[in-house]
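Enquirer: Input structure: target_31.cif, which contains mmCIF, N, CA and C atoms and all ligand atoms.
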```cif
data_coords
#
loop_
_atom_site.label_atom_id
_atom_site.label_comp_id
_atom_site.auth_asym_id
_atom_site.auth_seq_id
_atom_site.Cartn_x
_atom_site.Cartn_y
_atom_site.Cartn_z
N MET A 828 20.65 -25.08 -7.85
CA MET A 828 20.79 -23.63 -7.63
C MET A 828 20.18 -23.25 -6.29
N LYS A 829 20.90 -22.49 -5.54
CA LYS A 829 20.38 -21.98 -4.26
C LYS A 829 19.76 -20.61 -4.46
N GLY A 830 18.59 -20.43 -3.90
CA GLY A 830 17.92 -19.13 -3.99
C GLY A 830 18.55 -18.14 -3.03
N PRO A 831 17.90 -16.99 -2.90
CA PRO A 831 18.40 -16.00 -1.94
C PRO A 831 18.26 -16.51 -0.51
N ASN A 832 19.07 -15.99 0.37
CA ASN A 832 19.04 -16.40 1.77
C ASN A 832 17.74 -15.96 2.44
N PRO A 833 17.04 -16.90 3.07
CA PRO A 833 15.81 -16.50 3.78
C PRO A 833 16.13 -15.62 4.98
N PRO A 834 15.26 -14.65 5.26
CA PRO A 834 15.45 -13.77 6.42
C PRO A 834 15.31 -14.54 7.72
N GLN A 835 14.54 -15.64 7.66
CA GLN A 835 14.41 -16.56 8.80
C GLN A 835 14.46 -17.96 8.22
N PRO A 836 15.01 -18.91 8.98
CA PRO A 836 15.24 -20.25 8.42
C PRO A 836 14.00 -20.91 7.82
N ASP A 837 12.81 -20.67 8.41
CA ASP A 837 11.61 -21.35 7.95
C ASP A 837 10.76 -20.50 6.99
N ALA A 838 11.31 -19.41 6.51
CA ALA A 838 10.56 -18.55 5.58
C ALA A 838 10.50 -19.20 4.20
N ILE A 839 9.38 -18.99 3.52
CA ILE A 839 9.17 -19.58 2.20
C ILE A 839 9.20 -18.49 1.13
N LEU A 840 9.98 -18.73 0.08
CA LEU A 840 10.13 -17.75 -0.99
C LEU A 840 8.91 -17.72 -1.89
N GLN A 841 8.49 -16.54 -2.28
CA GLN A 841 7.35 -16.36 -3.17
C GLN A 841 7.81 -15.73 -4.48
N THR A 842 7.11 -16.07 -5.56
CA THR A 842 7.44 -15.41 -6.82
C THR A 842 6.53 -14.20 -7.00
N PRO A 843 7.10 -13.08 -7.45
CA PRO A 843 6.27 -11.91 -7.70
C PRO A 843 5.23 -12.18 -8.78
N LYS A 844 4.08 -11.50 -8.70
CA LYS A 844 2.98 -11.74 -9.65
C LYS A 844 3.25 -11.09 -11.01
N THR A 845 3.92 -9.96 -11.00
CA THR A 845 4.32 -9.31 -12.24
C THR A 845 5.77 -8.88 -12.08
N ARG A 846 6.37 -8.41 -13.17
CA ARG A 846 7.77 -8.04 -13.09
C ARG A 846 7.99 -6.82 -12.20
N SER A 847 6.97 -5.94 -12.17
CA SER A 847 7.13 -4.72 -11.37
C SER A 847 6.35 -4.80 -10.06
N ASP A 848 6.00 -6.01 -9.64
CA ASP A 848 5.23 -6.24 -8.42
C ASP A 848 5.95 -5.69 -7.19
N MET A 849 5.35 -4.66 -6.57
CA MET A 849 5.92 -4.12 -5.33
C MET A 849 5.08 -4.52 -4.13
N TYR A 850 4.02 -5.28 -4.39
CA TYR A 850 3.06 -5.58 -3.33
C TYR A 850 3.27 -6.95 -2.68
N THR A 851 3.37 -7.97 -3.51
CA THR A 851 3.45 -9.34 -3.00
C THR A 851 4.69 -9.54 -2.13
N PRO A 852 4.48 -10.12 -0.94
CA PRO A 852 5.66 -10.38 -0.09
C PRO A 852 6.59 -11.41 -0.74
N ARG A 853 7.86 -11.19 -0.67
CA ARG A 853 8.82 -12.15 -1.21
C ARG A 853 8.91 -13.36 -0.28
N TRP A 854 8.62 -13.14 0.99
CA TRP A 854 8.78 -14.21 1.97
C TRP A 854 7.52 -14.37 2.81
N LEU A 855 7.18 -15.63 3.02
CA LEU A 855 6.04 -15.95 3.88
C LEU A 855 6.52 -16.79 5.05
N LEU A 856 5.79 -16.67 6.14
CA LEU A 856 6.12 -17.40 7.36
C LEU A 856 4.83 -17.92 7.97
N GLY A 857 4.88 -19.13 8.50
CA GLY A 857 3.73 -19.65 9.23
C GLY A 857 2.63 -20.15 8.32
N GLN A 858 1.55 -20.61 8.94
CA GLN A 858 0.47 -21.23 8.20
C GLN A 858 -0.89 -20.79 8.70
N GLY A 859 -1.91 -21.04 7.87
CA GLY A 859 -3.28 -20.73 8.25
C GLY A 859 -3.43 -19.26 8.62
N SER A 860 -4.08 -19.01 9.75
CA SER A 860 -4.31 -17.62 10.12
C SER A 860 -3.05 -16.98 10.69
N PHE A 861 -2.00 -17.78 10.86
CA PHE A 861 -0.74 -17.23 11.34
C PHE A 861 0.20 -16.85 10.20
N LYS A 862 -0.25 -17.17 8.98
CA LYS A 862 0.62 -16.90 7.84
C LYS A 862 0.91 -15.40 7.74
N SER A 863 2.19 -15.07 7.70
CA SER A 863 2.58 -13.67 7.67
C SER A 863 3.50 -13.42 6.48
N GLY A 864 3.39 -12.22 5.93
CA GLY A 864 4.24 -11.82 4.83
C GLY A 864 5.26 -10.80 5.30
N LEU A 865 6.45 -10.89 4.76
CA LEU A 865 7.50 -9.93 5.09
C LEU A 865 7.32 -8.69 4.21
N CYS A 866 7.24 -7.54 4.84
CA CYS A 866 7.11 -6.31 4.06
C CYS A 866 8.37 -6.12 3.21
N PRO A 867 8.20 -5.99 1.87
CA PRO A 867 9.38 -5.84 1.02
C PRO A 867 9.97 -4.44 1.08
N LEU A 868 9.31 -3.50 1.73
CA LEU A 868 9.75 -2.10 1.69
C LEU A 868 10.27 -1.55 3.01
N CYS A 869 9.85 -2.13 4.12
CA CYS A 869 10.36 -1.64 5.41
C CYS A 869 11.85 -1.94 5.53
N PRO A 870 12.62 -1.00 6.07
CA PRO A 870 14.06 -1.22 6.21
C PRO A 870 14.41 -2.31 7.23
N THR A 871 13.49 -2.57 8.16
CA THR A 871 13.72 -3.64 9.13
C THR A 871 12.79 -4.81 8.80
N LEU A 872 13.05 -5.97 9.35
CA LEU A 872 12.20 -7.14 9.11
C LEU A 872 10.87 -6.95 9.82
N ARG A 873 9.82 -6.78 9.05
CA ARG A 873 8.50 -6.62 9.65
C ARG A 873 7.53 -7.58 8.98
N TRP A 874 6.94 -8.46 9.79
CA TRP A 874 6.01 -9.47 9.30
C TRP A 874 4.60 -9.03 9.62
N PHE A 875 3.70 -9.23 8.66
CA PHE A 875 2.30 -8.87 8.88
C PHE A 875 1.42 -10.04 8.51
N ARG A 876 0.40 -10.27 9.32
CA ARG A 876 -0.54 -11.35 9.05
C ARG A 876 -1.21 -11.15 7.70
N MET A 877 -1.28 -12.20 6.91
CA MET A 877 -1.96 -12.13 5.62
C MET A 877 -3.47 -12.09 5.83
N LYS A 878 -3.92 -12.76 6.89
CA LYS A 878 -5.35 -12.71 7.23
C LYS A 878 -5.64 -11.43 7.99
N PHE A 879 -6.90 -11.10 8.14
CA PHE A 879 -7.36 -9.92 8.86
C PHE A 879 -6.78 -8.64 8.28
N SER A 880 -6.36 -8.70 7.01
CA SER A 880 -5.95 -7.50 6.27
C SER A 880 -4.74 -6.76 6.84
N ALA A 881 -4.01 -7.33 7.76
CA ALA A 881 -2.88 -6.61 8.35
C ALA A 881 -1.84 -6.26 7.28
N TYR A 882 -1.51 -7.23 6.45
CA TYR A 882 -0.53 -6.99 5.40
C TYR A 882 -1.10 -6.01 4.37
N TRP A 883 -2.33 -6.26 3.98
CA TRP A 883 -3.04 -5.41 3.02
C TRP A 883 -3.04 -3.96 3.48
N TYR A 884 -3.40 -3.75 4.74
CA TYR A 884 -3.49 -2.41 5.29
C TYR A 884 -2.12 -1.74 5.32
N HIS A 885 -1.13 -2.50 5.73
CA HIS A 885 0.22 -1.95 5.82
C HIS A 885 0.72 -1.49 4.46
N MET A 886 0.55 -2.32 3.45
CA MET A 886 1.05 -1.98 2.12
C MET A 886 0.28 -0.81 1.50
N ASN A 887 -1.03 -0.84 1.62
CA ASN A 887 -1.86 0.21 1.03
C ASN A 887 -1.66 1.55 1.73
N PHE A 888 -1.69 1.53 3.05
CA PHE A 888 -1.79 2.80 3.78
C PHE A 888 -0.53 3.19 4.53
N HIS A 889 0.48 2.36 4.52
CA HIS A 889 1.75 2.79 5.08
C HIS A 889 2.75 3.10 3.96
N HIS A 890 2.69 2.29 2.89
CA HIS A 890 3.61 2.49 1.78
C HIS A 890 2.92 3.04 0.53
N GLY A 891 1.60 3.04 0.50
CA GLY A 891 0.89 3.54 -0.67
C GLY A 891 1.05 2.64 -1.88
N ILE A 892 1.13 1.32 -1.65
CA ILE A 892 1.22 0.36 -2.75
C ILE A 892 -0.16 -0.27 -2.94
N SER A 893 -0.69 -0.16 -4.14
CA SER A 893 -2.03 -0.67 -4.42
C SER A 893 -2.06 -2.19 -4.47
N SER A 894 -3.04 -2.76 -3.78
CA SER A 894 -3.21 -4.22 -3.81
C SER A 894 -3.87 -4.66 -5.12
N HIS A 895 -4.34 -3.71 -5.93
CA HIS A 895 -4.93 -4.04 -7.22
C HIS A 895 -3.88 -4.09 -8.32
N THR A 896 -3.04 -3.07 -8.35
CA THR A 896 -2.07 -2.98 -9.45
C THR A 896 -0.68 -3.45 -9.03
N PHE A 897 -0.44 -3.63 -7.74
CA PHE A 897 0.86 -3.97 -7.16
C PHE A 897 1.88 -2.85 -7.36
N LEU A 898 1.39 -1.67 -7.68
CA LEU A 898 2.25 -0.51 -7.90
C LEU A 898 1.83 0.63 -6.98
N PRO A 899 2.70 1.64 -6.82
CA PRO A 899 2.31 2.78 -5.99
C PRO A 899 1.07 3.47 -6.54
N PHE A 900 0.24 4.01 -5.66
CA PHE A 900 -0.91 4.78 -6.11
C PHE A 900 -0.43 5.97 -6.91
N PRO A 901 -1.20 6.39 -7.93
CA PRO A 901 -0.82 7.58 -8.67
C PRO A 901 -0.88 8.80 -7.75
N ALA A 902 -0.06 9.78 -8.04
CA ALA A 902 -0.08 11.02 -7.26
C ALA A 902 -1.30 11.84 -7.67
N PRO A 903 -1.80 12.69 -6.76
CA PRO A 903 -2.89 13.59 -7.15
C PRO A 903 -2.45 14.53 -8.27
N SER A 904 -3.40 14.98 -9.11
CA SER A 904 -3.07 15.91 -10.18
C SER A 904 -2.66 17.27 -9.63
N ALA A 905 -3.25 17.63 -8.49
CA ALA A 905 -2.94 18.92 -7.88
C ALA A 905 -3.29 18.87 -6.40
N MET A 906 -2.72 19.78 -5.65
CA MET A 906 -3.04 19.90 -4.23
C MET A 906 -3.45 21.35 -3.97
N ARG A 907 -4.35 21.55 -3.02
CA ARG A 907 -4.68 22.92 -2.63
C ARG A 907 -5.05 22.92 -1.15
N PHE A 908 -5.02 24.11 -0.58
CA PHE A 908 -5.45 24.23 0.80
C PHE A 908 -6.82 24.87 0.82
N ASN A 909 -7.78 24.18 1.40
CA ASN A 909 -9.14 24.70 1.50
C ASN A 909 -9.27 25.44 2.83
N ARG A 910 -9.22 26.78 2.74
CA ARG A 910 -9.24 27.58 3.98
C ARG A 910 -10.57 27.45 4.71
N TYR A 911 -11.63 27.33 3.95
CA TYR A 911 -12.95 27.23 4.54
C TYR A 911 -13.06 25.98 5.41
N ARG A 912 -12.54 24.87 4.87
CA ARG A 912 -12.63 23.62 5.63
C ARG A 912 -11.40 23.37 6.49
N GLY A 913 -10.36 24.15 6.27
CA GLY A 913 -9.14 23.99 7.06
C GLY A 913 -8.39 22.70 6.79
N VAL A 914 -8.48 22.23 5.56
CA VAL A 914 -7.82 20.98 5.21
C VAL A 914 -7.11 21.10 3.86
N LYS A 915 -6.14 20.25 3.67
CA LYS A 915 -5.53 20.11 2.35
C LYS A 915 -6.43 19.23 1.50
N GLU A 916 -6.47 19.53 0.22
CA GLU A 916 -7.26 18.71 -0.69
C GLU A 916 -6.41 18.28 -1.88
N ALA A 917 -6.71 17.11 -2.37
CA ALA A 917 -5.98 16.56 -3.51
C ALA A 917 -6.95 16.36 -4.67
N LEU A 918 -6.50 16.70 -5.86
CA LEU A 918 -7.33 16.52 -7.05
C LEU A 918 -7.05 15.13 -7.63
N CYS A 919 -8.13 14.33 -7.67
CA CYS A 919 -7.97 12.95 -8.13
C CYS A 919 -7.93 12.90 -9.66
N PRO A 920 -6.88 12.30 -10.23
CA PRO A 920 -6.79 12.24 -11.70
C PRO A 920 -7.84 11.33 -12.33
N ARG A 921 -8.48 10.50 -11.55
CA ARG A 921 -9.48 9.60 -12.11
C ARG A 921 -10.90 10.17 -12.06
N CYS A 922 -11.36 10.56 -10.87
CA CYS A 922 -12.75 11.02 -10.75
C CYS A 922 -12.85 12.54 -10.80
N HIS A 923 -11.71 13.24 -10.88
CA HIS A 923 -11.65 14.70 -11.01
C HIS A 923 -12.37 15.40 -9.87
N GLN A 924 -12.29 14.83 -8.69
CA GLN A 924 -12.89 15.46 -7.52
C GLN A 924 -11.79 15.85 -6.56
N TRP A 925 -12.07 16.91 -5.82
CA TRP A 925 -11.15 17.29 -4.75
C TRP A 925 -11.47 16.43 -3.54
N VAL A 926 -10.51 15.71 -3.06
CA VAL A 926 -10.75 14.88 -1.89
C VAL A 926 -9.90 15.38 -0.74
N VAL A 927 -10.45 15.27 0.45
CA VAL A 927 -9.73 15.72 1.64
C VAL A 927 -8.44 14.91 1.79
N ALA A 928 -7.32 15.60 1.92
CA ALA A 928 -6.04 14.91 1.97
C ALA A 928 -5.28 15.19 3.25
N SER A 929 -5.97 15.74 4.24
CA SER A 929 -5.34 15.89 5.55
C SER A 929 -6.45 15.91 6.58
N SER A 930 -6.06 15.76 7.82
CA SER A 930 -7.05 15.75 8.87
C SER A 930 -7.39 17.19 9.25
N SER A 931 -8.69 17.46 9.50
CA SER A 931 -9.06 18.81 9.93
C SER A 931 -8.73 19.00 11.40
N LYS A 932 -8.76 17.94 12.14
CA LYS A 932 -8.30 18.02 13.54
C LYS A 932 -6.79 17.89 13.51
N ASN A 933 -6.14 18.52 14.47
CA ASN A 933 -4.69 18.51 14.44
C ASN A 933 -4.11 17.22 15.03
N VAL A 934 -4.51 16.11 14.45
CA VAL A 934 -3.96 14.86 14.95
C VAL A 934 -2.71 14.51 14.14
N ALA A 935 -1.72 14.04 14.85
CA ALA A 935 -0.49 13.64 14.17
C ALA A 935 -0.70 12.29 13.52
N VAL A 936 -0.50 12.20 12.22
CA VAL A 936 -0.56 10.91 11.56
C VAL A 936 0.84 10.56 11.09
N LYS A 937 1.13 9.29 11.10
CA LYS A 937 2.47 8.83 10.74
C LYS A 937 2.76 9.14 9.27
N VAL A 938 1.78 8.83 8.42
CA VAL A 938 1.98 9.04 7.00
C VAL A 938 0.91 10.01 6.52
N GLN A 939 1.30 11.21 6.12
CA GLN A 939 0.35 12.23 5.69
C GLN A 939 -0.48 11.78 4.48
N GLU A 940 0.16 11.07 3.58
CA GLU A 940 -0.51 10.68 2.34
C GLU A 940 -1.67 9.73 2.57
N ILE A 941 -1.81 9.22 3.78
CA ILE A 941 -2.82 8.19 4.04
C ILE A 941 -4.21 8.61 3.57
N TYR A 942 -4.54 9.91 3.72
CA TYR A 942 -5.88 10.35 3.33
C TYR A 942 -6.06 10.23 1.82
N TRP A 943 -5.05 10.59 1.08
CA TRP A 943 -5.11 10.45 -0.37
C TRP A 943 -5.15 8.98 -0.76
N TRP A 944 -4.32 8.18 -0.14
CA TRP A 944 -4.26 6.75 -0.44
C TRP A 944 -5.60 6.07 -0.18
N LYS A 945 -6.28 6.50 0.88
CA LYS A 945 -7.58 5.88 1.19
C LYS A 945 -8.57 6.14 0.06
N HIS A 946 -8.52 7.33 -0.50
CA HIS A 946 -9.39 7.61 -1.65
C HIS A 946 -8.92 6.81 -2.86
N ALA A 947 -7.62 6.87 -3.12
CA ALA A 947 -7.06 6.21 -4.31
C ALA A 947 -7.34 4.70 -4.27
N GLN A 948 -7.28 4.12 -3.07
CA GLN A 948 -7.54 2.68 -2.94
C GLN A 948 -8.92 2.33 -3.47
N LYS A 949 -9.90 3.19 -3.18
CA LYS A 949 -11.26 2.92 -3.63
C LYS A 949 -11.45 3.32 -5.08
N CYS A 950 -10.88 4.50 -5.44
CA CYS A 950 -11.15 5.06 -6.77
C CYS A 950 -10.41 4.29 -7.86
N PHE A 951 -9.15 3.97 -7.60
CA PHE A 951 -8.39 3.16 -8.56
C PHE A 951 -8.60 1.71 -8.17
N GLY A 952 -9.77 1.24 -8.46
CA GLY A 952 -10.19 -0.03 -7.91
C GLY A 952 -9.87 -1.21 -8.78
N LYS A 953 -10.82 -2.10 -8.79
CA LYS A 953 -10.61 -3.40 -9.41
C LYS A 953 -10.38 -3.34 -10.92
N GLY A 954 -10.80 -2.24 -11.53
CA GLY A 954 -10.58 -2.07 -12.97
C GLY A 954 -9.12 -1.89 -13.31
N ASP A 955 -8.31 -1.59 -12.31
CA ASP A 955 -6.90 -1.33 -12.56
C ASP A 955 -6.04 -2.51 -12.21
N ARG A 956 -6.37 -3.62 -12.76
CA ARG A 956 -5.61 -4.83 -12.48
C ARG A 956 -4.16 -4.70 -12.93
N ALA A 957 -3.33 -5.40 -12.25
CA ALA A 957 -1.91 -5.39 -12.62
C ALA A 957 -1.73 -5.93 -14.04
N ILE A 958 -0.87 -5.31 -14.76
CA ILE A 958 -0.56 -5.75 -16.11
C ILE A 958 0.66 -6.66 -16.00
N SER A 959 0.49 -7.90 -16.33
CA SER A 959 1.68 -8.76 -16.28
C SER A 959 2.47 -8.57 -17.57
N ASN A 960 3.73 -8.38 -17.38
CA ASN A 960 4.57 -8.13 -18.56
C ASN A 960 5.67 -9.16 -18.66
ZN ZN B 1001 6.49 -1.92 5.39
ZN ZN B 1002 -11.00 9.57 -7.35
#
```
Transcribe the structure of this file into structure tokens.
Ligand SMILES: [Zn+2]
Ligand SMILES: [Zn+2]

Expert:
Amino acid sequence: MKGPNPPQPDAILQTPKTRSDMYTPRWLLGQGSFKSGLCPLCPTLRWFRMKFSAYWYHMNFHHGISSHTFLPFPAPSAMRFNRYRGVKEALCPRCHQWVVASSSKNVAVKVQEIYWWKHAQKCFGKGDRAISN
């Protein structure tokens, strides 16, 4: 049986860790510190180093996919605008705290959700291991 066509001739196929795994790269390239994973979600072929957290960072903070559960971070329970602080805030369903969900300085960020994801990454931590089904 032939597997799916590799995106590059020397790419190595990986098996997902769970059935709903959105995190693990399907394809790996290179070895050692050059080992890179193909982002399963970017519309174009984008490889990220597995070392130095490049892949980890991309998945967590560009796509909002948790490296703990291999699933998207949960959405905040609610959002509000804090006029006093001049920022958007998100209500965390786990710790029930309002966390800053936008930058107070008017800096353009590629992904607005990054502020929420940064909190969710820490708050929905190691206790939320992926459930293999
Ligand atoms: Zn991507
Ligand atoms: Zn929280």

Enquirer: Taking only N, CA and C atoms and all ligand atoms into account, which residues are within 7 Å of ligand ZN 1001 (chain B), as a list in words?

Expert: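 Final answer, ordered by chain and number: Leu865, Cys866, Pro867, Leu868, Cys869, Pro870, Arg873, His885, Met886, His889 and His890 of chain A.
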
Enquirer: Within 8 Å of ligand ZN 1002 (chain B), which residues show up when you count all atoms listed in the file? List them as a list in words, please.

Expert: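 Final answer, ordered by chain and number: Leu918, Cys919, Pro920, Arg921, Cys922, His923, Gln924, Trp925, Val926, His946, Ala947, Gln948, Lys949, Cys950 and Phe951 of chain A.
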
Enquirer: Would you compute the distance between atom N of A:Ser860 and atom N of A:Asp837? Give it in Å to one decimal.

Expert: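 Separation between atom N of A:Ser860 and atom N of A:Asp837: 17.0 Å.
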
Enquirer: Tell me which protein, DNA and RNA residues are within 8 Å of A:Ile892, counting all atoms listed in the file, leaving out same-chain ones fewer than 5 positions away, and put them as a list in words.

Expert: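 Non-adjacent residues within range: Met849, Tyr850, Trp883, His885, Met886, Asn887, Phe897, Leu898, Pro899, Phe900, Trp944 and Gln948 of chain A.
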
Enquirer: How far is it from atom N of A:Tyr911 to atom N of A:Ala928, in Å with one decimal?

Expert: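 Going from atom N of A:Tyr911 over to atom N of A:Ala928, I get 12.7 Å.
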
Enquirer: Could you find all residues in chain A that DSSP calls strand (DSSP E) from the backbone, and write them as a list in words?

Expert: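 The strand (DSSP E) subset of chain A is Ile839, Leu840, Trp854, Leu855, Leu856, Ser863, Gly864, Leu865, Trp874, Phe875, Arg876, Ala905, Met906, Arg907, Phe908, Asn909, Val914, Lys915, Glu916, Ala917, Leu918, Trp925, Val926 and Val927 of chain A.
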
Enquirer: Just the selected residues (N, CA and C atoms), exported as a CSV table (one decimal), in the coordinates of the input, please.

Expert:
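New file out.csv:
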```csv
chain,number,residue,atom,x,y,z
A,839,ILE,N,9.4,-19.0,3.5
A,839,ILE,CA,9.2,-19.6,2.2
A,839,ILE,C,9.2,-18.5,1.1
A,840,LEU,N,10.0,-18.7,0.1
A,840,LEU,CA,10.1,-17.8,-1.0
A,840,LEU,C,8.9,-17.7,-1.9
A,854,TRP,N,8.6,-13.1,1.0
A,854,TRP,CA,8.8,-14.2,2.0
A,854,TRP,C,7.5,-14.4,2.8
A,855,LEU,N,7.2,-15.6,3.0
A,855,LEU,CA,6.0,-16.0,3.9
A,855,LEU,C,6.5,-16.8,5.0
A,856,LEU,N,5.8,-16.7,6.1
A,856,LEU,CA,6.1,-17.4,7.4
A,856,LEU,C,4.8,-17.9,8.0
A,863,SER,N,2.2,-15.1,7.7
A,863,SER,CA,2.6,-13.7,7.7
A,863,SER,C,3.5,-13.4,6.5
A,864,GLY,N,3.4,-12.2,5.9
A,864,GLY,CA,4.2,-11.8,4.8
A,864,GLY,C,5.3,-10.8,5.3
A,865,LEU,N,6.4,-10.9,4.8
A,865,LEU,CA,7.5,-9.9,5.1
A,865,LEU,C,7.3,-8.7,4.2
A,874,TRP,N,6.9,-8.5,9.8
A,874,TRP,CA,6.0,-9.5,9.3
A,874,TRP,C,4.6,-9.0,9.6
A,875,PHE,N,3.7,-9.2,8.7
A,875,PHE,CA,2.3,-8.9,8.9
A,875,PHE,C,1.4,-10.0,8.5
A,876,ARG,N,0.4,-10.3,9.3
A,876,ARG,CA,-0.5,-11.4,9.0
A,876,ARG,C,-1.2,-11.2,7.7
A,905,ALA,N,-3.2,17.6,-8.5
A,905,ALA,CA,-2.9,18.9,-7.9
A,905,ALA,C,-3.3,18.9,-6.4
A,906,MET,N,-2.7,19.8,-5.6
A,906,MET,CA,-3.0,19.9,-4.2
A,906,MET,C,-3.4,21.4,-4.0
A,907,ARG,N,-4.4,21.6,-3.0
A,907,ARG,CA,-4.7,22.9,-2.6
A,907,ARG,C,-5.0,22.9,-1.2
A,908,PHE,N,-5.0,24.1,-0.6
A,908,PHE,CA,-5.4,24.2,0.8
A,908,PHE,C,-6.8,24.9,0.8
A,909,ASN,N,-7.8,24.2,1.4
A,909,ASN,CA,-9.1,24.7,1.5
A,909,ASN,C,-9.3,25.4,2.8
A,914,VAL,N,-8.5,22.2,5.6
A,914,VAL,CA,-7.8,21.0,5.2
A,914,VAL,C,-7.1,21.1,3.9
A,915,LYS,N,-6.1,20.2,3.7
A,915,LYS,CA,-5.5,20.1,2.4
A,915,LYS,C,-6.4,19.2,1.5
A,916,GLU,N,-6.5,19.5,0.2
A,916,GLU,CA,-7.3,18.7,-0.7
A,916,GLU,C,-6.4,18.3,-1.9
A,917,ALA,N,-6.7,17.1,-2.4
A,917,ALA,CA,-6.0,16.6,-3.5
A,917,ALA,C,-7.0,16.4,-4.7
A,918,LEU,N,-6.5,16.7,-5.9
A,918,LEU,CA,-7.3,16.5,-7.0
A,918,LEU,C,-7.0,15.1,-7.6
A,925,TRP,N,-12.1,16.9,-5.8
A,925,TRP,CA,-11.2,17.3,-4.8
A,925,TRP,C,-11.5,16.4,-3.5
A,926,VAL,N,-10.5,15.7,-3.1
A,926,VAL,CA,-10.8,14.9,-1.9
A,926,VAL,C,-9.9,15.4,-0.7
A,927,VAL,N,-10.4,15.3,0.4
A,927,VAL,CA,-9.7,15.7,1.6
A,927,VAL,C,-8.4,14.9,1.8
```

Enquirer: Between atom CA of A:Phe888 and atom N of A:Pro901, what distance in Å does the model show, to one decimal?

Expert: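 So the answer is 12.3 Å.
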
Enquirer: Name all residues at most 7 Å from A:Ser929 (count only N, CA and C atoms; drop same-chain ones fewer than 5 positions away) and give them as a PyMOL selection string.

Expert: chain A and resi 914-917+939+942-943

Enquirer: Which residue out of A:Arg876, A:Ser894, A:Asn832, A:Ala881 has the minimum interatomic distance to A:Thr851 when only C-alpha atoms are used?

Expert: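 When distances to A:Thr851 are compared using only C-alpha atoms, the smallest one comes from A:Ser894.
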
Enquirer: As a PyMOL selection string, please: all residues of chain A that backbone DSSP puts in helix (DSSP H, G or I).

Expert: chain A and resi 859-861+878-888+941-950

Enquirer: Quick one: of A:Gly859, A:Arg907, A:Gly952, A:Glu940, who's nearest to A:His895, counting only N, CA and C atoms?

Expert: A:Gly952

Enquirer: Kindly compute an axis-aligned box around the listed atoms of stretch 870-885 of chain A, allowing 8 Å on each side, and express its centre and edge lengths in Å to one decimal as AutoDock Vina command-line options.

Expert:
```
--center_x 3.5 --center_y -6.9 --center_z 6.4 --size_x 37.8 --size_y 27.8 --size_z 22.8
```
